[in-house]
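Raw contents of input.txt, compact mmCIF, C-alpha atoms:
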# COMPACT_ATOMS: atom_id res chain seq x y z
CA MET L 1 130.13 84.96 98.77
CA THR L 2 128.02 83.85 95.80
CA LEU L 3 126.01 81.56 98.07
CA LEU L 4 125.36 84.40 100.50
CA GLN L 5 124.29 86.66 97.63
CA GLY L 6 121.87 83.97 96.43
CA VAL L 7 120.39 83.63 99.91
CA LEU L 8 120.04 87.42 100.07
CA TRP L 9 118.18 87.52 96.75
CA GLY L 10 115.87 84.77 98.02
CA MET L 11 115.18 86.77 101.18
CA ILE L 12 114.39 89.87 99.12
CA ALA L 13 112.02 87.85 96.93
CA ALA L 14 110.28 86.61 100.08
CA PHE L 15 110.14 90.20 101.31
CA TRP L 16 107.73 91.05 98.50
CA LEU L 17 105.23 88.34 99.46
CA PRO L 18 103.50 90.08 102.43
CA LEU L 19 102.40 92.86 100.10
CA TYR L 20 99.61 90.60 98.85
CA PRO L 21 97.54 90.42 102.08
CA THR L 22 97.79 94.19 102.46
CA LEU L 23 96.34 94.55 98.96
CA ARG L 24 93.36 92.31 99.76
CA ARG L 25 90.37 93.72 101.60
CA GLY L 26 90.25 91.02 104.21
CA ASP L 27 90.46 90.73 107.96
CA ILE L 28 92.69 93.23 109.79
CA TRP L 29 94.57 90.33 111.41
CA GLU L 30 95.87 89.29 107.99
CA VAL L 31 97.48 92.72 107.69
CA MET L 32 98.89 92.24 111.19
CA LEU L 33 100.43 88.95 110.03
CA ALA L 34 101.94 90.79 107.06
CA LEU L 35 103.34 93.39 109.48
CA SER L 36 104.99 90.76 111.67
CA SER L 37 106.36 89.05 108.58
CA VAL L 38 107.82 92.28 107.16
CA ALA L 39 109.25 93.39 110.51
CA THR L 40 111.06 90.08 111.06
CA LYS L 41 112.24 89.76 107.47
CA SER L 42 113.61 93.30 107.35
CA SER L 43 115.77 92.73 110.44
CA LEU L 44 116.97 89.37 109.11
CA ILE L 45 117.89 90.91 105.75
CA LEU L 46 119.76 93.60 107.65
CA LEU L 47 121.65 90.91 109.63
CA MET L 48 122.43 89.03 106.41
CA VAL L 49 123.77 92.15 104.70
CA SER L 50 125.82 92.96 107.80
CA VAL L 51 127.41 89.50 107.55
CA ILE L 52 128.10 89.97 103.81
CA ARG L 53 129.59 93.42 104.26
CA ASP L 54 131.25 92.49 107.59
CA ASP L 55 129.67 95.58 109.16
CA TRP L 56 128.89 95.31 112.90
CA MET L 57 126.98 98.59 113.01
CA MET L 58 124.26 97.30 110.68
CA GLY L 59 124.14 94.03 112.59
CA LEU L 60 123.46 95.93 115.80
CA VAL L 61 120.64 97.87 114.13
CA GLY L 62 119.18 94.58 112.86
CA VAL L 63 119.23 93.01 116.32
CA ILE L 64 117.63 96.04 117.98
CA THR L 65 114.95 96.26 115.26
CA LEU L 66 114.23 92.55 115.67
CA SER L 67 113.69 92.69 119.42
CA VAL L 68 111.89 96.04 119.57
CA GLY L 69 109.76 95.24 116.54
CA ASN L 70 108.36 92.16 118.25
CA ALA L 71 107.57 94.09 121.42
CA GLY L 72 105.80 96.83 119.46
CA PHE L 73 103.89 94.26 117.45
CA MET L 74 102.58 92.58 120.60
CA LEU L 75 101.55 95.99 121.99
CA LEU L 76 99.70 96.92 118.81
CA ALA L 77 97.99 93.52 118.63
CA HIS L 78 96.84 93.90 122.21
CA LEU L 79 95.44 97.37 121.49
CA LEU L 80 93.59 96.14 118.41
CA ARG L 81 92.19 93.18 120.32
CA ARG L 82 90.92 95.52 123.04
CA LEU L 83 89.25 97.62 120.38
CA GLY L 84 87.21 94.62 119.38
CA GLN L 85 87.20 95.91 115.86
CA THR L 86 88.39 93.16 113.59
CA GLY L 87 86.31 93.67 110.48
CA GLY L 88 87.45 95.62 107.48
CA MET X 1 124.07 101.27 93.43
CA ASP X 2 123.63 97.75 94.70
CA PRO X 3 120.69 96.13 92.80
CA THR X 4 119.31 94.61 96.04
CA ILE X 5 118.82 98.11 97.42
CA GLU X 6 116.94 99.14 94.28
CA VAL X 7 114.59 96.17 94.52
CA ILE X 8 113.83 97.01 98.16
CA ALA X 9 113.48 100.73 97.41
CA LEU X 10 110.84 99.84 94.81
CA LEU X 11 108.66 98.54 97.65
CA LEU X 12 108.43 101.92 99.36
CA PRO X 13 106.27 103.81 96.80
CA LEU X 14 104.06 100.73 96.44
CA THR X 15 103.38 100.51 100.17
CA ALA X 16 102.97 104.28 100.42
CA GLY X 17 100.34 104.14 97.67
CA LEU X 18 98.52 101.37 99.52
CA LEU X 19 98.67 103.42 102.72
CA VAL X 20 97.20 106.51 101.07
CA ALA X 21 94.47 104.51 99.33
CA GLU X 22 93.35 102.77 102.54
CA THR X 23 90.12 104.09 104.03
CA ASN X 24 89.87 102.06 107.24
CA PRO X 25 91.98 103.90 109.85
CA TYR X 26 92.95 100.72 111.71
CA ARG X 27 94.20 98.97 108.60
CA ALA X 28 96.01 102.16 107.56
CA LEU X 29 97.81 102.11 110.93
CA VAL X 30 99.04 98.57 110.44
CA ILE X 31 100.13 99.35 106.86
CA ARG X 32 102.01 102.33 108.30
CA GLY X 33 103.86 99.81 110.47
CA VAL X 34 104.72 97.75 107.38
CA PHE X 35 105.94 100.90 105.63
CA GLY X 36 108.04 101.85 108.65
CA ALA X 37 109.73 98.44 108.76
CA MET X 38 110.54 98.63 105.04
CA SER X 39 111.94 102.15 105.21
CA SER X 40 113.97 101.24 108.31
CA LEU X 41 115.53 98.37 106.36
CA LEU X 42 116.31 100.69 103.44
CA TYR X 43 117.95 103.30 105.68
CA GLY X 44 120.02 100.58 107.30
CA LEU X 45 121.14 99.21 103.94
CA LEU X 46 122.12 102.69 102.77
CA GLY X 47 124.38 102.96 105.78
CA ALA X 48 122.36 105.32 107.97
CA ALA X 49 122.17 103.25 111.15
CA ASP X 50 120.97 106.12 113.31
CA VAL X 51 118.14 107.04 110.93
CA ALA X 52 117.13 103.37 110.70
CA LEU X 53 116.97 103.04 114.47
CA THR X 54 114.98 106.26 114.83
CA GLU X 55 112.54 105.16 112.13
CA ALA X 56 112.06 101.77 113.81
CA LEU X 57 111.68 103.09 117.36
CA VAL X 58 109.89 106.42 116.93
CA GLY X 59 108.42 106.38 113.42
CA THR X 60 107.01 102.90 113.61
CA LEU X 61 106.65 101.88 117.24
CA LEU X 62 105.69 105.09 119.02
CA ALA X 63 103.71 106.74 116.22
CA VAL X 64 101.63 103.67 115.49
CA ILE X 65 100.80 103.04 119.15
CA LEU X 66 99.92 106.70 119.78
CA TYR X 67 97.76 106.88 116.67
CA ALA X 68 96.01 103.64 117.66
CA VAL X 69 95.06 105.24 120.97
CA ALA X 70 93.99 108.46 119.23
CA VAL X 71 91.83 106.67 116.66
CA ARG X 72 90.36 104.50 119.41
CA SER X 73 89.31 107.49 121.47
CA SER X 74 87.99 109.59 118.60
CA LEU X 75 86.01 107.03 116.59
CA VAL X 76 83.77 105.72 119.37
CA VAL X 77 80.19 106.78 119.95
CA ARG X 78 79.40 106.60 123.66
CA LEU X 79 75.70 106.10 124.31
CA GLY X 80 74.33 106.24 127.82
CA VAL X 81 71.52 103.91 128.91
CA LEU X 82 69.66 103.18 132.11
CA GLN X 83 70.83 100.07 133.89
CA GLN X 84 67.28 98.79 134.40
CA ASP X 85 66.36 99.23 130.73
CA PHE X 86 69.51 97.79 129.32
CA GLN X 87 69.86 94.05 129.02
CA ALA X 88 72.63 93.33 126.54
CA ALA X 89 71.16 89.96 125.61
CA ALA X 90 67.56 91.17 125.16
CA PRO X 91 66.43 90.92 121.52
CA GLU X 92 65.53 94.60 121.08
CA TRP X 93 68.92 95.78 122.36
CA VAL X 94 70.73 93.21 120.22
CA THR X 95 68.76 94.44 117.19
CA LEU X 96 69.52 98.07 118.06
CA THR X 97 73.23 97.42 118.61
CA THR X 98 73.50 95.53 115.33
CA ALA X 99 71.61 98.25 113.45
CA LEU X 100 73.76 100.99 114.98
CA GLN X 101 76.96 99.14 114.15
CA GLN X 102 75.70 98.71 110.59
CA ALA X 103 74.84 102.42 110.37
CA PHE X 104 78.26 103.51 111.67
CA LYS X 105 80.21 100.93 109.70
CA SER X 106 80.97 103.16 106.72
CA TRP X 107 82.35 105.78 109.12
CA HIS X 108 84.46 103.11 110.93
CA MET X 109 82.92 104.11 114.23
CA GLN X 110 82.00 101.84 117.10
CA VAL X 111 79.19 101.97 119.61
CA GLU X 112 79.94 101.78 123.31
CA TRP X 113 77.13 101.47 125.85
CA VAL X 114 77.58 103.30 129.13
CA PRO X 115 75.06 102.15 131.75
CA TYR X 116 73.81 104.53 134.46
CA GLU X 117 71.89 103.75 137.65
CA GLN X 118 69.40 106.62 137.68
CA SER X 119 67.74 108.74 135.01
CA GLN X 120 69.05 111.96 136.63
CA ALA X 121 72.59 110.63 136.32
CA LEU X 122 71.88 109.79 132.68
CA GLU X 123 70.62 113.30 131.90
CA ARG X 124 73.53 114.83 133.77
CA ALA X 125 75.99 112.70 131.81
CA LEU X 126 74.53 114.07 128.58
CA ALA X 127 74.61 117.62 129.89
CA GLU X 128 78.19 117.31 131.13
CA ARG X 129 79.39 115.75 127.87
CA GLU X 130 80.33 112.41 129.37
CA VAL X 131 78.40 110.67 126.59
CA HIS X 132 77.55 111.67 123.04
CA GLY X 133 73.93 110.59 123.35
CA ILE X 134 71.52 108.64 125.47
CA CYS X 135 68.95 105.95 124.71
CA THR X 136 65.83 105.84 126.82
CA ARG X 137 62.54 103.98 126.80
CA SER X 138 59.38 105.99 126.42
CA PRO X 139 56.25 104.96 128.42
CA THR X 140 55.17 102.96 125.35
CA ALA X 141 58.43 100.96 125.57
CA VAL X 142 59.83 102.41 122.36
CA ILE X 143 63.57 103.08 122.49
CA GLN X 144 64.38 106.72 121.74
CA ALA X 145 67.71 108.42 121.36
CA LYS X 146 68.80 111.91 122.24
CA THR X 147 72.13 113.35 121.20
CA ARG X 148 74.10 116.54 121.58
CA VAL X 149 76.29 115.98 118.52
CA TYR X 150 74.66 117.36 115.39
CA ARG X 151 76.61 115.11 113.02
CA LEU X 152 75.46 112.06 114.97
CA TYR X 153 71.90 113.33 114.68
CA GLU X 154 72.32 113.69 110.92
CA ILE X 155 73.75 110.19 110.49
CA LEU X 156 71.11 108.47 112.60
CA GLN X 157 68.32 110.53 111.04
CA GLN X 158 69.55 109.51 107.61
CA GLU X 159 69.88 105.82 108.48
CA GLY X 160 66.59 105.76 110.38
CA VAL X 161 67.81 103.23 112.93
CA VAL X 162 66.25 104.76 116.01
CA PRO X 163 64.00 107.81 116.57
CA ILE X 164 66.38 110.58 117.56
CA VAL X 165 66.09 114.15 118.83
CA MET X 166 68.64 116.85 119.44
CA TYR X 167 69.50 117.78 123.01
CA ASP X 168 68.45 121.33 123.82
CA GLN X 169 71.32 122.77 125.74
CA PRO X 170 70.20 124.90 128.68
CA VAL X 171 72.26 128.03 129.30
CA THR X 172 73.98 127.54 132.63
CA SER X 173 76.19 129.88 134.56
CA SER X 174 79.25 127.70 134.03
CA GLU X 175 79.02 128.12 130.25
CA GLU X 176 78.82 131.90 130.31
CA PRO X 177 81.92 133.72 129.17
CA ARG X 178 84.17 134.66 132.02
Would you give me this structure, written as structure tokens?
Amino acid sequence: MTLLQGVLWGMIAAFWLPLYPTLRRGDIWEVMLALSSVATKSSLILLMVSVIRDDWMMGLVGVITLSVGNAGFMLLAHLLRRLGQTGG
Amino acid sequence: MDPTIEVIALLLPLTAGLLVAETNPYRALVIRGVFGAMSSLLYGLLGAADVALTEALVGTLLAVILYAVAVRSSLVVRLGVLQQDFQAAAPEWVTLTTALQQAFKSWHMQVEWVPYEQSQALERALAEREVHGICTRSPTAVIQAKTRVYRLYEILQQEGVVPIVMYDQPVTSSEEPR
């Protein structure tokens, strides 16, 4: 259990990292990368916690968020690409 | 409370502050997606699986996509041109497009050219509100703009990109009160 807790703390530390590109005034695609990173990490943290707590309900939510989040991300990326507006 | 939940909950006000401080609507949309993913994770960790799913599906996915479409359709300036005048690669049009994009940049608006075959069709498009303004060539080959949106007139007048006039709306029978 201690090992799993350590992995969870590492995941949460990594969860803070994508905040940096959203702070910077750069390209919008960097923020999109941060979005994909956060969306994937949040579902993986949820899966990890569901394993630690042995809770299938949270695991199901994590799986659904993972799959739907990717689909929504692709849709949003396609819309933004069609806009042709990439500058900040 | 579990300390991991507190560390994740700390992210929410930070991201919300970033979201409120953002001025570019497109970037704000994407940051809204980040915020939605974070809050969905927090709801899940607190044991509210239904709220987490709703936040992920409706709050993040649907709202962001719908707002992207709304921002796309409201922050575009549609300018009509004559097909014979308009050559996208010609230097004067490239200069004009660049200057217009520069002028509209601080308002996060984009310029979209709508070509028309005949000048009557162009005038009718302006009258029937298909386009926000039109760009025509005068006999001396100077590009002029005419718009029906007063705010557009103000912005372009202020930036001095292109000579612009307001469209005088004729009173037609269809616009009379019924």
Worksheet entry | Counting all atoms listed in the file, the option among L:Leu35, L:Ile64, L:Leu3, L:Ala13 closest to X:Glu55 |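 Between L:Leu35, L:Ile64, L:Leu3, L:Ala13, the residue approaching X:Glu55 most closely is L:Ile64.
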As lines of an AutoDock Vina configuration file: centre and edge lengths in Å, one decimal, of the axis-aligned box holding stretch 152-163 of chain X with 8 Å per side:
center_x = 69.7
center_y = 108.5
center_z = 112.1
size_x = 27.5
size_y = 26.5
size_z = 25.0
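Each of X:Phe35, X:Tyr43, X:Trp107, X:Tyr116 was compared to L:Gly62 using only C-alpha atoms, and X:Tyr43 turns out to be the nearest.
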Near chain L, 6 Å: chain X residue rows, closest pairs, only C-alpha atoms, as a tab-separated table:
residue	atom	partner	partner_atom	distance
X:Val34	CA	L:Leu35	CA	5.0
X:Ala37	CA	L:Ala39	CA	5.4
X:Leu41	CA	L:Ser42	CA	5.5
X:Leu61	CA	L:Gly72	CA	5.6
Kindly export the residues of the current selection with C-alpha atoms, as a tab-separated table (two decimals), keeping the file's coordinate frame.
chain	number	residue	atom	x	y	z
X	34	VAL	CA	104.72	97.75	107.38
X	37	ALA	CA	109.73	98.44	108.76
X	41	LEU	CA	115.53	98.37	106.36
X	61	LEU	CA	106.65	101.88	117.24
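Straight-line separation from atom CA of X:Pro115 to atom CA of X:Val81: 4.9 Å.
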Item to complete: Would you list the contacts of X:Ala9 as a ChimeraX atom specification, taking every protein, DNA or RNA residue within 9 Å and counting all atoms listed in the file, but skipping same-chain residues closer than 5 positions in sequence?
Response: /X:4,38-39,42
Output file for the selection above: C-alpha atoms, as a PDB file, in the frame of the given file:
ATOM      1  CA  THR X   4     119.310  94.610  96.040  1.00  0.00           C
ATOM      2  CA  MET X  38     110.540  98.630 105.040  1.00  0.00           C
ATOM      3  CA  SER X  39     111.940 102.150 105.210  1.00  0.00           C
ATOM      4  CA  LEU X  42     116.310 100.690 103.440  1.00  0.00           C
TER       5      LEU X  42
END
Worksheet item: Please, what distance in Å, to one decimal, runs between atom CA of L:Pro21 and atom CA of X:Leu11?
Response: 14.5 Å
Worksheet entry | Non-local contacts of X:Leu152 (10 Å; only C-alpha atoms; under 3 positions in same chain excluded) as JSON, numbers by chain | {"X": [77, 104, 132, 133, 146, 147, 148, 149, 155, 156, 157, 158, 164, 166]}
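The residues that lie within 10 Å of the point (131.1, 83.9, 104.6), counting only C-alpha atoms, are Met1, Thr2, Leu3, Leu4, Val51, Ile52, Arg53 and Asp54 of chain L.
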